[in-house]
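K.L.:
Structure file entry_7.tsv (TSV, C-alpha atoms) right here:
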chain	number	residue	atom	x	y	z
A	1	MET	CA	0.00	0.00	0.00
A	2	LEU	CA	1.02	3.60	-0.33
A	3	GLY	CA	2.93	5.30	2.45
A	4	SER	CA	1.28	7.40	5.13
A	5	GLN	CA	3.46	10.49	4.79
A	6	SER	CA	3.07	13.02	2.01
A	7	SER	CA	6.68	12.39	1.02
A	8	ASP	CA	5.78	8.74	0.51
A	9	SER	CA	3.06	9.39	-2.02
A	10	ILE	CA	3.72	8.47	-5.60
A	11	GLU	CA	5.54	11.19	-7.50
A	12	TYR	CA	6.98	11.42	-10.98
A	13	GLU	CA	10.09	12.98	-12.40
A	14	ASP	CA	10.03	13.21	-16.18
A	15	GLN	CA	12.25	16.25	-16.71
A	16	THR	CA	15.21	13.99	-17.48
A	17	PRO	CA	15.59	11.21	-20.08
A	18	SER	CA	15.47	8.65	-17.25
A	19	ARG	CA	12.14	8.86	-15.42
A	20	GLU	CA	11.81	7.95	-11.76
A	21	VAL	CA	8.86	7.20	-9.50
A	22	TRP	CA	8.62	7.26	-5.73
A	23	ALA	CA	6.20	5.37	-3.52
A	24	ASN	CA	6.30	4.23	0.09
A	25	GLY	CA	9.68	5.88	0.53
A	26	VAL	CA	11.17	3.86	-2.33
A	27	CYS	CA	12.63	5.35	-5.52
A	28	MET	CA	12.53	3.33	-8.71
A	29	LYS	CA	13.79	4.11	-12.20
A	30	THR	CA	11.24	3.38	-14.90
A	31	SER	CA	13.69	2.32	-17.61
A	32	GLU	CA	13.09	-1.38	-16.95
A	33	VAL	CA	9.33	-0.89	-16.78
A	34	GLU	CA	9.32	1.18	-19.98
A	35	ALA	CA	11.34	-1.47	-21.78
A	36	LYS	CA	8.73	-4.08	-20.87
A	37	LEU	CA	5.96	-1.74	-22.00
A	38	ASP	CA	7.74	-1.23	-25.32
A	39	GLU	CA	7.78	-5.00	-25.74
A	40	GLY	CA	4.06	-5.17	-24.97
A	41	ASN	CA	4.55	-7.04	-21.69
A	42	ILE	CA	2.06	-5.07	-19.60
A	43	GLN	CA	1.71	-7.78	-16.98
A	44	GLU	CA	5.47	-8.01	-16.44
A	45	ALA	CA	5.72	-4.23	-16.20
A	46	GLU	CA	2.89	-4.25	-13.70
A	47	SER	CA	4.59	-6.95	-11.64
A	48	SER	CA	7.81	-4.94	-11.54
A	49	LEU	CA	5.96	-1.95	-10.11
A	50	ARG	CA	3.99	-4.01	-7.62
A	51	GLU	CA	7.10	-5.72	-6.30
A	52	GLY	CA	9.39	-2.69	-6.44
A	53	LEU	CA	6.98	-0.18	-4.86
A	54	SER	CA	4.62	-2.42	-2.84
A	55	LEU	CA	1.51	-1.48	-4.82
A	56	ASN	CA	-1.74	-3.34	-5.31
A	57	PHE	CA	-3.18	-4.18	-8.74
A	58	GLU	CA	-5.19	-0.96	-9.29
A	59	GLU	CA	-2.36	1.26	-8.09
A	60	ALA	CA	0.19	-0.44	-10.33
A	61	ARG	CA	-2.16	-0.22	-13.32
A	62	ALA	CA	-2.82	3.44	-12.60
A	63	LEU	CA	0.90	4.15	-12.44
A	64	LEU	CA	1.56	2.24	-15.67
A	65	GLY	CA	-1.19	4.12	-17.47
A	66	ARG	CA	0.13	7.45	-16.27
A	67	LEU	CA	3.60	6.49	-17.45
A	68	GLU	CA	2.28	5.67	-20.92
A	69	TYR	CA	0.29	8.91	-20.97
A	70	GLN	CA	3.41	10.88	-20.05
A	71	ARG	CA	5.30	9.21	-22.89
A	72	GLY	CA	2.59	10.29	-25.33
A	73	ASN	CA	1.29	6.77	-25.96
A	74	VAL	CA	-2.37	7.70	-25.57
A	75	GLU	CA	-3.85	4.50	-27.01
A	76	ALA	CA	-1.51	2.34	-24.94
A	77	ALA	CA	-2.40	4.34	-21.83
A	78	LEU	CA	-6.08	3.82	-22.57
A	79	HIS	CA	-5.52	0.08	-22.88
A	80	VAL	CA	-3.83	0.01	-19.47
A	81	PHE	CA	-6.50	2.16	-17.83
A	82	ASP	CA	-9.21	-0.17	-19.14
A	83	GLY	CA	-7.86	-2.83	-16.80
A	84	ILE	CA	-8.68	-0.85	-13.65
A	85	ASP	CA	-11.78	-1.98	-11.79
A	86	LEU	CA	-13.01	1.35	-10.44
A	87	PRO	CA	-16.10	0.02	-8.60
A	88	ALA	CA	-13.95	-2.51	-6.75
A	89	ALA	CA	-11.41	0.16	-5.83
A	90	ILE	CA	-14.16	2.46	-4.55
A	91	GLN	CA	-15.68	-0.33	-2.50
A	92	ARG	CA	-12.35	-0.91	-0.77
A	93	LEU	CA	-11.80	2.80	-0.16
A	94	GLN	CA	-15.27	3.69	1.12
A	95	PRO	CA	-15.02	2.09	4.58
A	96	SER	CA	-11.74	3.83	5.39
A	97	PHE	CA	-13.21	7.27	4.68
A	98	SER	CA	-16.53	6.65	6.39
A	99	GLU	CA	-15.04	5.43	9.66
A	100	LYS	CA	-15.38	7.68	12.69
A	101	GLN	CA	-12.44	9.69	13.97
A	102	PRO	CA	-10.15	7.30	15.86
A	103	SER	CA	-9.75	7.68	19.59
A	104	ARG	CA	-6.82	9.63	20.99
A	105	LYS	CA	-5.07	6.39	21.94
A	106	GLY	CA	-5.32	4.93	18.46
A	107	ARG	CA	-5.09	8.15	16.50
A	108	SER	CA	-1.58	7.62	15.14
A	109	ARG	CA	-2.48	4.33	13.50
A	110	GLY	CA	-5.83	5.69	12.32
A	111	ASP	CA	-4.22	8.74	10.77
A	112	SER	CA	-1.72	6.50	9.01
A	113	GLN	CA	-4.47	4.32	7.55
A	114	HIS	CA	-6.42	7.41	6.49
A	115	ALA	CA	-3.38	8.81	4.66
A	116	VAL	CA	-2.81	5.46	2.96
A	117	SER	CA	-6.41	5.47	1.75
A	118	GLN	CA	-6.10	9.03	0.45
A	119	HIS	CA	-3.01	8.17	-1.56
A	120	ALA	CA	-4.71	5.09	-2.97
A	121	ALA	CA	-7.81	7.09	-3.88
A	122	SER	CA	-5.63	9.77	-5.44
A	123	LEU	CA	-3.84	7.33	-7.72
A	124	VAL	CA	-6.95	5.46	-8.86
A	125	LEU	CA	-9.03	8.60	-9.47
A	126	GLU	CA	-6.18	10.25	-11.33
A	127	ALA	CA	-6.01	7.19	-13.58
A	128	ILE	CA	-9.68	7.52	-14.52
A	129	TYR	CA	-9.20	11.25	-15.10
A	130	LEU	CA	-6.26	10.55	-17.42
A	131	LYS	CA	-8.39	7.94	-19.16
A	132	ALA	CA	-10.92	10.70	-19.87
A	133	LYS	CA	-8.12	12.93	-21.18
A	134	SER	CA	-6.89	10.09	-23.40
A	135	LEU	CA	-10.35	9.57	-24.85
A	136	GLN	CA	-10.63	13.32	-25.44
A	137	LYS	CA	-7.38	13.33	-27.40
A	138	LEU	CA	-8.67	10.43	-29.49
A	139	GLY	CA	-11.86	12.35	-30.29
A	140	ARG	CA	-14.13	10.03	-28.30
A	141	LEU	CA	-15.78	12.92	-26.50
A	142	ASN	CA	-18.91	11.18	-25.21
A	143	ASP	CA	-16.84	8.37	-23.73
A	144	ALA	CA	-14.44	10.92	-22.26
A	145	ALA	CA	-17.30	12.79	-20.58
A	146	HIS	CA	-18.70	9.59	-19.09
A	147	GLU	CA	-15.29	8.63	-17.70
A	148	CYS	CA	-14.79	12.10	-16.24
A	149	LYS	CA	-18.22	11.86	-14.65
A	150	ARG	CA	-17.16	8.55	-13.08
A	151	VAL	CA	-14.38	10.40	-11.27
A	152	LEU	CA	-16.83	12.81	-9.66
A	153	ASP	CA	-19.34	10.05	-8.91
A	154	ALA	CA	-16.56	8.11	-7.20
A	155	VAL	CA	-15.50	11.12	-5.14
A	156	GLU	CA	-19.06	11.60	-3.91
A	157	LYS	CA	-19.24	7.93	-2.92
A	158	ILE	CA	-15.92	8.04	-1.10
A	159	PHE	CA	-16.51	11.41	0.61
A	160	HIS	CA	-20.14	11.34	1.68
A	161	GLN	CA	-19.95	14.73	3.41
A	162	GLY	CA	-17.95	16.41	0.65
A	163	ILE	CA	-14.19	16.79	0.47
A	164	PRO	CA	-12.84	18.21	3.75
A	165	ASP	CA	-10.81	21.40	3.50
A	166	VAL	CA	-8.00	20.02	5.65
A	167	GLN	CA	-5.81	16.93	5.58
A	168	VAL	CA	-6.52	16.13	1.93
A	169	ASP	CA	-3.81	14.73	-0.29
A	170	ASN	CA	-2.72	17.47	-2.72
A	171	ARG	CA	-2.71	15.18	-5.74
A	172	LEU	CA	-6.21	13.97	-4.90
A	173	GLN	CA	-7.49	17.54	-4.60
A	174	ASP	CA	-5.80	18.54	-7.87
A	175	THR	CA	-7.39	15.61	-9.69
A	176	VAL	CA	-10.84	16.50	-8.36
A	177	CYS	CA	-10.46	20.16	-9.35
A	178	GLN	CA	-9.30	19.25	-12.84
A	179	ALA	CA	-12.13	16.76	-13.32
A	180	VAL	CA	-14.74	19.27	-12.13
A	181	GLU	CA	-13.49	21.81	-14.68
A	182	LEU	CA	-13.10	19.30	-17.49
A	183	LEU	CA	-16.53	17.63	-17.38
A	184	PRO	CA	-18.68	20.53	-18.68
A	185	GLU	CA	-16.08	21.26	-21.36
A	186	LEU	CA	-16.26	17.66	-22.57
A	187	TRP	CA	-20.05	17.75	-22.74
A	188	LYS	CA	-19.88	20.99	-24.73
A	189	GLN	CA	-17.35	19.54	-27.14
A	190	ALA	CA	-19.60	16.51	-27.57
A	191	GLY	CA	-22.58	18.77	-28.34
A	192	CYS	CA	-24.48	17.66	-25.23
A	193	TYR	CA	-25.46	21.09	-23.97
A	194	HIS	CA	-28.06	20.08	-21.39
A	195	GLU	CA	-25.52	17.72	-19.82
A	196	ALA	CA	-22.99	20.57	-19.85
A	197	MET	CA	-25.50	22.78	-18.04
A	198	SER	CA	-26.00	20.12	-15.37
A	199	ALA	CA	-22.25	19.63	-15.04
A	200	TYR	CA	-21.69	23.35	-14.47
A	201	ARG	CA	-24.32	23.47	-11.75
A	202	ARG	CA	-22.99	20.33	-10.14
A	203	ALA	CA	-19.52	21.88	-10.15
A	204	LEU	CA	-20.72	25.02	-8.38
A	205	LEU	CA	-23.24	23.51	-5.97
A	206	SER	CA	-21.44	20.40	-4.70
A	207	GLN	CA	-18.73	20.30	-2.03
A	208	TRP	CA	-15.55	19.87	-4.07
A	209	ASN	CA	-13.34	22.15	-1.95
A	210	LEU	CA	-12.41	24.13	-5.06
A	211	GLY	CA	-9.88	26.93	-4.86
A	212	ASP	CA	-10.88	30.48	-5.76
A	213	ASP	CA	-9.17	30.27	-9.15
A	214	ASN	CA	-10.84	26.97	-10.06
A	215	CYS	CA	-14.25	28.18	-8.98
A	216	SER	CA	-13.86	31.50	-10.80
A	217	ARG	CA	-12.89	29.83	-14.07
A	218	ILE	CA	-15.96	27.61	-13.85
A	219	GLN	CA	-18.24	30.55	-13.02
A	220	LYS	CA	-16.90	32.56	-15.94
A	221	ALA	CA	-17.19	29.66	-18.39
A	222	PHE	CA	-20.74	28.95	-17.19
A	223	ALA	CA	-21.74	32.60	-17.58
A	224	VAL	CA	-20.43	32.67	-21.15
A	225	PHE	CA	-22.19	29.39	-21.89
A	226	LEU	CA	-25.48	30.72	-20.51
A	227	MET	CA	-25.27	33.79	-22.74
A	228	HIS	CA	-24.18	32.17	-25.98
A	229	SER	CA	-25.23	28.51	-25.99
A	230	GLY	CA	-28.82	29.10	-27.10
A	231	VAL	CA	-29.99	26.50	-24.56
A	232	GLU	CA	-32.44	27.75	-21.95
A	233	ALA	CA	-31.28	26.44	-18.61
A	234	GLY	CA	-34.28	27.14	-16.43
A	235	PRO	CA	-33.90	27.76	-12.68
A	236	PRO	CA	-31.77	25.43	-10.53
A	237	SER	CA	-33.54	22.46	-8.98
A	238	LEU	CA	-35.48	23.03	-5.77
A	239	ALA	CA	-32.96	20.90	-3.87
A	240	ALA	CA	-30.19	23.33	-4.82
A	241	GLN	CA	-32.10	26.47	-3.85
A	242	VAL	CA	-31.47	28.11	-0.50
A	243	ASP	CA	-34.38	29.60	1.42
A	244	GLY	CA	-34.53	33.36	0.94
A	245	SER	CA	-32.01	33.42	-1.89
A	246	TYR	CA	-32.74	35.02	-5.25
A	247	VAL	CA	-33.46	32.52	-8.01
A	248	PRO	CA	-32.65	33.78	-11.53
A	249	LYS	CA	-35.55	33.59	-13.95
A	250	HIS	CA	-33.59	32.93	-17.14
A	251	ASN	CA	-30.12	32.44	-18.61
A	252	LEU	CA	-29.21	36.11	-18.85
A	253	GLU	CA	-30.05	36.81	-15.21
A	254	GLU	CA	-28.03	33.83	-14.06
A	255	ALA	CA	-25.07	34.88	-16.21
A	256	ILE	CA	-25.18	38.43	-14.82
A	257	LEU	CA	-25.27	37.12	-11.24
A	258	LEU	CA	-22.25	34.90	-11.89
A	259	LEU	CA	-20.28	37.74	-13.47
A	260	MET	CA	-21.13	40.13	-10.64
A	261	ILE	CA	-19.96	37.51	-8.15
A	262	LEU	CA	-16.65	37.40	-10.02
A	263	VAL	CA	-16.34	41.19	-9.86
A	264	ARG	CA	-16.96	41.04	-6.11
A	265	LYS	CA	-14.28	38.37	-5.76
A	266	PHE	CA	-11.84	40.74	-7.40
A	267	TYR	CA	-12.82	43.55	-5.02
A	268	LEU	CA	-12.13	41.19	-2.10
A	269	GLY	CA	-8.72	40.26	-3.48
A	270	LYS	CA	-9.62	36.61	-4.06
A	271	ILE	CA	-8.82	36.61	-7.79
A	272	VAL	CA	-6.69	38.66	-10.15
A	273	TRP	CA	-8.33	41.09	-12.55
A	274	ASP	CA	-9.64	39.54	-15.75
A	275	PRO	CA	-10.72	42.19	-18.30
A	276	SER	CA	-12.92	39.71	-20.14
A	277	ILE	CA	-15.21	39.48	-17.09
A	278	LEU	CA	-16.14	43.14	-17.47
A	279	GLU	CA	-16.53	42.69	-21.23
A	280	HIS	CA	-19.00	39.85	-20.71
A	281	LEU	CA	-20.83	41.80	-18.00
A	282	THR	CA	-21.06	44.84	-20.29
A	283	PHE	CA	-22.57	42.71	-23.03
A	284	ALA	CA	-25.05	41.02	-20.68
A	285	LEU	CA	-26.25	44.21	-18.99
A	286	SER	CA	-26.52	46.00	-22.34
A	287	LEU	CA	-28.78	43.24	-23.66
A	288	CYS	CA	-31.29	43.83	-20.89
A	289	GLY	CA	-30.95	47.62	-20.88
A	290	GLN	CA	-29.35	47.80	-17.44
A	291	THR	CA	-26.47	50.12	-18.31
A	292	SER	CA	-27.03	52.06	-15.08
A	293	VAL	CA	-26.06	48.90	-13.17
A	294	LEU	CA	-22.97	48.63	-15.33
A	295	ALA	CA	-22.10	52.24	-14.57
A	296	LYS	CA	-22.31	51.50	-10.85
A	297	GLU	CA	-19.98	48.53	-11.25
A	298	LEU	CA	-17.50	50.66	-13.19
A	299	GLU	CA	-17.56	53.38	-10.55
A	300	GLU	CA	-16.71	50.85	-7.84
A	301	ILE	CA	-13.66	49.46	-9.62
A	302	MET	CA	-10.49	50.79	-8.05
A	303	PRO	CA	-8.42	53.25	-10.11
A	304	GLY	CA	-5.55	51.65	-11.97
A	305	VAL	CA	-7.35	48.43	-12.80
A	306	PHE	CA	-7.86	49.62	-16.36
A	307	HIS	CA	-7.11	52.86	-18.18
A	308	ARG	CA	-9.03	55.87	-16.92
A	309	VAL	CA	-9.96	56.95	-20.47
A	310	ASP	CA	-11.57	53.57	-21.12
A	311	ARG	CA	-13.48	53.94	-17.86
A	312	TRP	CA	-14.67	57.46	-18.80
A	313	ASN	CA	-15.75	56.40	-22.29
A	314	THR	CA	-17.65	53.36	-21.07
A	315	LEU	CA	-19.31	55.35	-18.30
A	316	ALA	CA	-20.27	58.03	-20.83
A	317	LEU	CA	-21.92	55.41	-23.02
A	318	CYS	CA	-23.80	54.01	-20.01
A	319	TYR	CA	-25.04	57.44	-18.93
A	320	SER	CA	-26.07	58.50	-22.43
A	321	THR	CA	-28.09	55.31	-22.82
A	322	VAL	CA	-30.22	56.21	-19.79
A	323	GLY	CA	-30.57	59.86	-20.81
A	324	GLN	CA	-27.94	61.39	-18.52
A	325	ASN	CA	-26.32	63.30	-21.36
A	326	LYS	CA	-24.78	66.04	-19.24
A	327	ALA	CA	-22.82	63.55	-17.13
A	328	ALA	CA	-21.85	61.62	-20.25
A	329	LEU	CA	-20.58	64.72	-22.07
A	330	ASN	CA	-18.52	65.84	-19.08
A	331	LEU	CA	-16.76	62.49	-19.07
A	332	LEU	CA	-16.15	62.64	-22.82
A	333	ARG	CA	-14.66	66.12	-22.50
A	334	LYS	CA	-12.15	64.68	-20.05
A	335	SER	CA	-11.27	61.73	-22.26
A	336	LEU	CA	-10.92	63.94	-25.37
A	337	HIS	CA	-8.63	66.43	-23.64
A	338	LYS	CA	-5.39	67.09	-25.50
A	339	HIS	CA	-3.43	65.36	-22.74
A	340	GLU	CA	-5.57	62.20	-22.89
A	341	GLN	CA	-6.91	60.68	-26.14
A	342	PRO	CA	-8.16	63.61	-28.25
A	343	ASP	CA	-8.43	61.56	-31.45
A	344	ASP	CA	-10.45	58.62	-30.11
A	345	LEU	CA	-13.01	58.10	-32.87
A	346	THR	CA	-15.67	56.38	-30.76
A	347	ALA	CA	-15.59	59.10	-28.12
A	348	LEU	CA	-15.73	61.84	-30.78
A	349	LEU	CA	-18.77	60.28	-32.44
A	350	LEU	CA	-20.60	59.84	-29.13
A	351	ALA	CA	-19.80	63.41	-28.08
A	352	ALA	CA	-21.03	64.74	-31.43
A	353	LYS	CA	-24.25	62.75	-31.12
A	354	ILE	CA	-24.94	64.06	-27.60
A	355	CYS	CA	-24.29	67.65	-28.68
A	356	SER	CA	-26.60	67.27	-31.70
A	357	GLU	CA	-29.53	66.80	-29.32
A	358	ASP	CA	-29.03	70.21	-27.65
A	359	SER	CA	-29.00	73.40	-29.75
A	360	HIS	CA	-26.85	75.15	-27.17
A	361	LEU	CA	-24.10	72.59	-27.80
A	362	ALA	CA	-24.29	72.71	-31.61
A	363	ALA	CA	-20.96	74.49	-32.12
A	364	GLU	CA	-19.17	72.08	-29.79
A	365	GLY	CA	-20.79	69.16	-31.58
A	366	VAL	CA	-19.63	70.42	-34.98
A	367	GLY	CA	-16.09	70.53	-33.64
A	368	TYR	CA	-16.29	66.92	-32.48
A	369	ALA	CA	-17.80	65.85	-35.81
A	370	GLN	CA	-15.07	67.58	-37.83
A	371	ARG	CA	-12.38	65.94	-35.71
A	372	ALA	CA	-14.07	62.58	-36.20
A	373	ILE	CA	-14.09	63.04	-39.99
A	374	SER	CA	-10.42	64.02	-39.95
A	375	ASN	CA	-9.51	60.91	-37.96
A	376	ALA	CA	-11.73	58.47	-39.88
A	377	GLN	CA	-9.00	56.96	-42.02
A	378	GLY	CA	-8.01	53.47	-43.00
A	379	ARG	CA	-10.31	50.83	-41.56
A	380	ASN	CA	-12.42	53.54	-39.86
A	381	GLU	CA	-13.02	55.52	-43.05
A	382	HIS	CA	-16.52	54.07	-43.52
A	383	LEU	CA	-17.61	55.76	-40.28
Output the file's structure in the form of structure tokens.

P.N.:
Amino acid sequence: MLGSQSSDSIEYEDQTPSREVWANGVCMKTSEVEAKLDEGNIQEAESSLREGLSLNFEEARALLGRLEYQRGNVEAALHVFDGIDLPAAIQRLQPSFSEKQPSRKGRSRGDSQHAVSQHAASLVLEAIYLKAKSLQKLGRLNDAAHECKRVLDAVEKIFHQGIPDVQVDNRLQDTVCQAVELLPELWKQAGCYHEAMSAYRRALLSQWNLGDDNCSRIQKAFAVFLMHSGVEAGPPSLAAQVDGSYVPKHNLEEAILLLMILVRKFYLGKIVWDPSILEHLTFALSLCGQTSVLAKELEEIMPGVFHRVDRWNTLALCYSTVGQNKAALNLLRKSLHKHEQPDDLTALLLAAKICSEDSHLAAEGVGYAQRAISNAQGRNEHL
């Protein structure tokens, strides 16, 4: 079985021509194993790993498959992964994770057994995840999605109360995070959009112990999917709804909520700034005529996140859309100042349009229009 310390977990070193693997405190070069794989002797290669690293059948198979995957032999890796009995492995792992916390007297042994089980689960689940990746590379997208789903189903069976946020093997957590992100993408690539919708919601509503970056990528991808997929999602199931919480009525509302959550995460310092989030939010709020909400979001963004002229121009567009032309024009005057971007064609056209609606601003509007004509060259000449 795998060792109880994190340093005893299986690791790989493939930066050099001679690969090495570690397990249970033992280091083993893979040259002999790879030679047997090249000869097609999978069983002999498996036996070498089992004897050299004290692994059981599933663990040795998982390690062999990963080795083939690393070497770029996707079909060979898939053949090795097919030999892993996932249900049997889960059945063996379930009792060890469902047992109660050991007593203080027996805690050392219990902790050791728990760590062993985590390492075993990590290796087997990673193998199924890599099987899904192999199928994806071979273009078998439906099969890949089903295999990826098996990883998440297995995790839910092993961890009945969700993955704890402490004392979890890093490789196990990484595999879970990668599988959670991959599943909706596989369903989309396979053209199964309703399944993709369910996978996104499962990713965000279940207890996967995702990091902020993982969760944010999923939220952003889901928001984009909601806006552009053409598939009406409908509200989340009643089981997923929290009493007193707002339930979005349609795709666009749900996408806007997700994007606004991402903006809040940035304000709180949980994620780095992603300009595309604001671009998607601008598009979504413009579709439903809520540019005043967009203006409020822009005003709350800290200075320096993006160029002040871009902020002024976007705010001006938001204000002009809701009839606040005076505020919009004041912002455009700032952005078109000689020390800022006086030749910005979009800003000049918007300023000219606003001035054309007020006779007192006609002369100023003519000036903006003339500058726009002078700068409308090349690809902008048609404007």

K.L.:
Please produce, as a tab-separated table, a per-residue contact table for stretch 274-333 of chain A versus stretch 342-346 of chain A (criterion: any atom at most 12 Å away, all atoms listed in the file considered), showing the nearest atom pair and its distance in Å to one decimal, sorted by chain then residue number.

P.N.:
residue	atom	partner	partner_atom	distance
A:Val309	CA	A:Asp344	CA	9.8
A:Asp310	CA	A:Asp344	CA	10.4
A:Asn313	CA	A:Thr346	CA	8.5
A:Thr314	CA	A:Thr346	CA	10.3
A:Ala316	CA	A:Thr346	CA	11.1
A:Leu317	CA	A:Thr346	CA	10.0
A:Leu332	CA	A:Pro342	CA	9.7
A:Arg333	CA	A:Pro342	CA	9.0

K.L.:
Write out as JSON, numbers by chain each polymer residue whose atoms come within 10 Å of A:Thr282, counting only C-alpha atoms; drop sequence neighbours fewer than 2 positions from it.

P.N.:
{"A": [256, 259, 276, 277, 278, 279, 280, 284, 285, 286, 287, 290, 291, 293, 294, 295, 297, 298, 314, 318]}

K.L.:
In Å to one decimal, how far is atom CA of A:Ala233 from atom CA of A:Val263?

P.N.:
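Distance reported for this atom pair: 22.7 Å.
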
K.L.:
Kindly indicate which residue among A:Asn330, A:Gln189, A:Asn209, A:Ser216 lies nearest to A:Gln136, using all atoms listed in the file for the distances.

P.N.:
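When distances to A:Gln136 are compared using all atoms listed in the file, the smallest one comes from A:Gln189.
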
K.L.:
Can you tell me which residues surround A:Ile354 at a distance of at most 12 Å, considering all atoms listed in the file, apart from same-chain residues fewer than 3 positions away, and format the answer as a PyMOL selection string?

P.N.:
chain A and resi 316-317+319-321+323-333+347-351+357-362+364-366+368-369

K.L.:
What's around A:Met227 at 7 Å? Count only C-alpha atoms, leave out sequence neighbours fewer than 5 positions away in its own chain, and write the answer as a PyMOL selection string.

P.N.:
chain A and resi 251-252+255

K.L.:
Atom CA of A:Ala62 and atom CA of A:Ala190 are how many Å apart?

P.N.:
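Separation of atom CA of A:Ala62 and atom CA of A:Ala190: 26.0 Å.
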
K.L.:
Interatomic distance between atom CA of A:Ala144 and atom CA of A:His250?

P.N.:
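About the pair atom CA of A:Ala144 and atom CA of A:His250: they are 29.6 Å apart.
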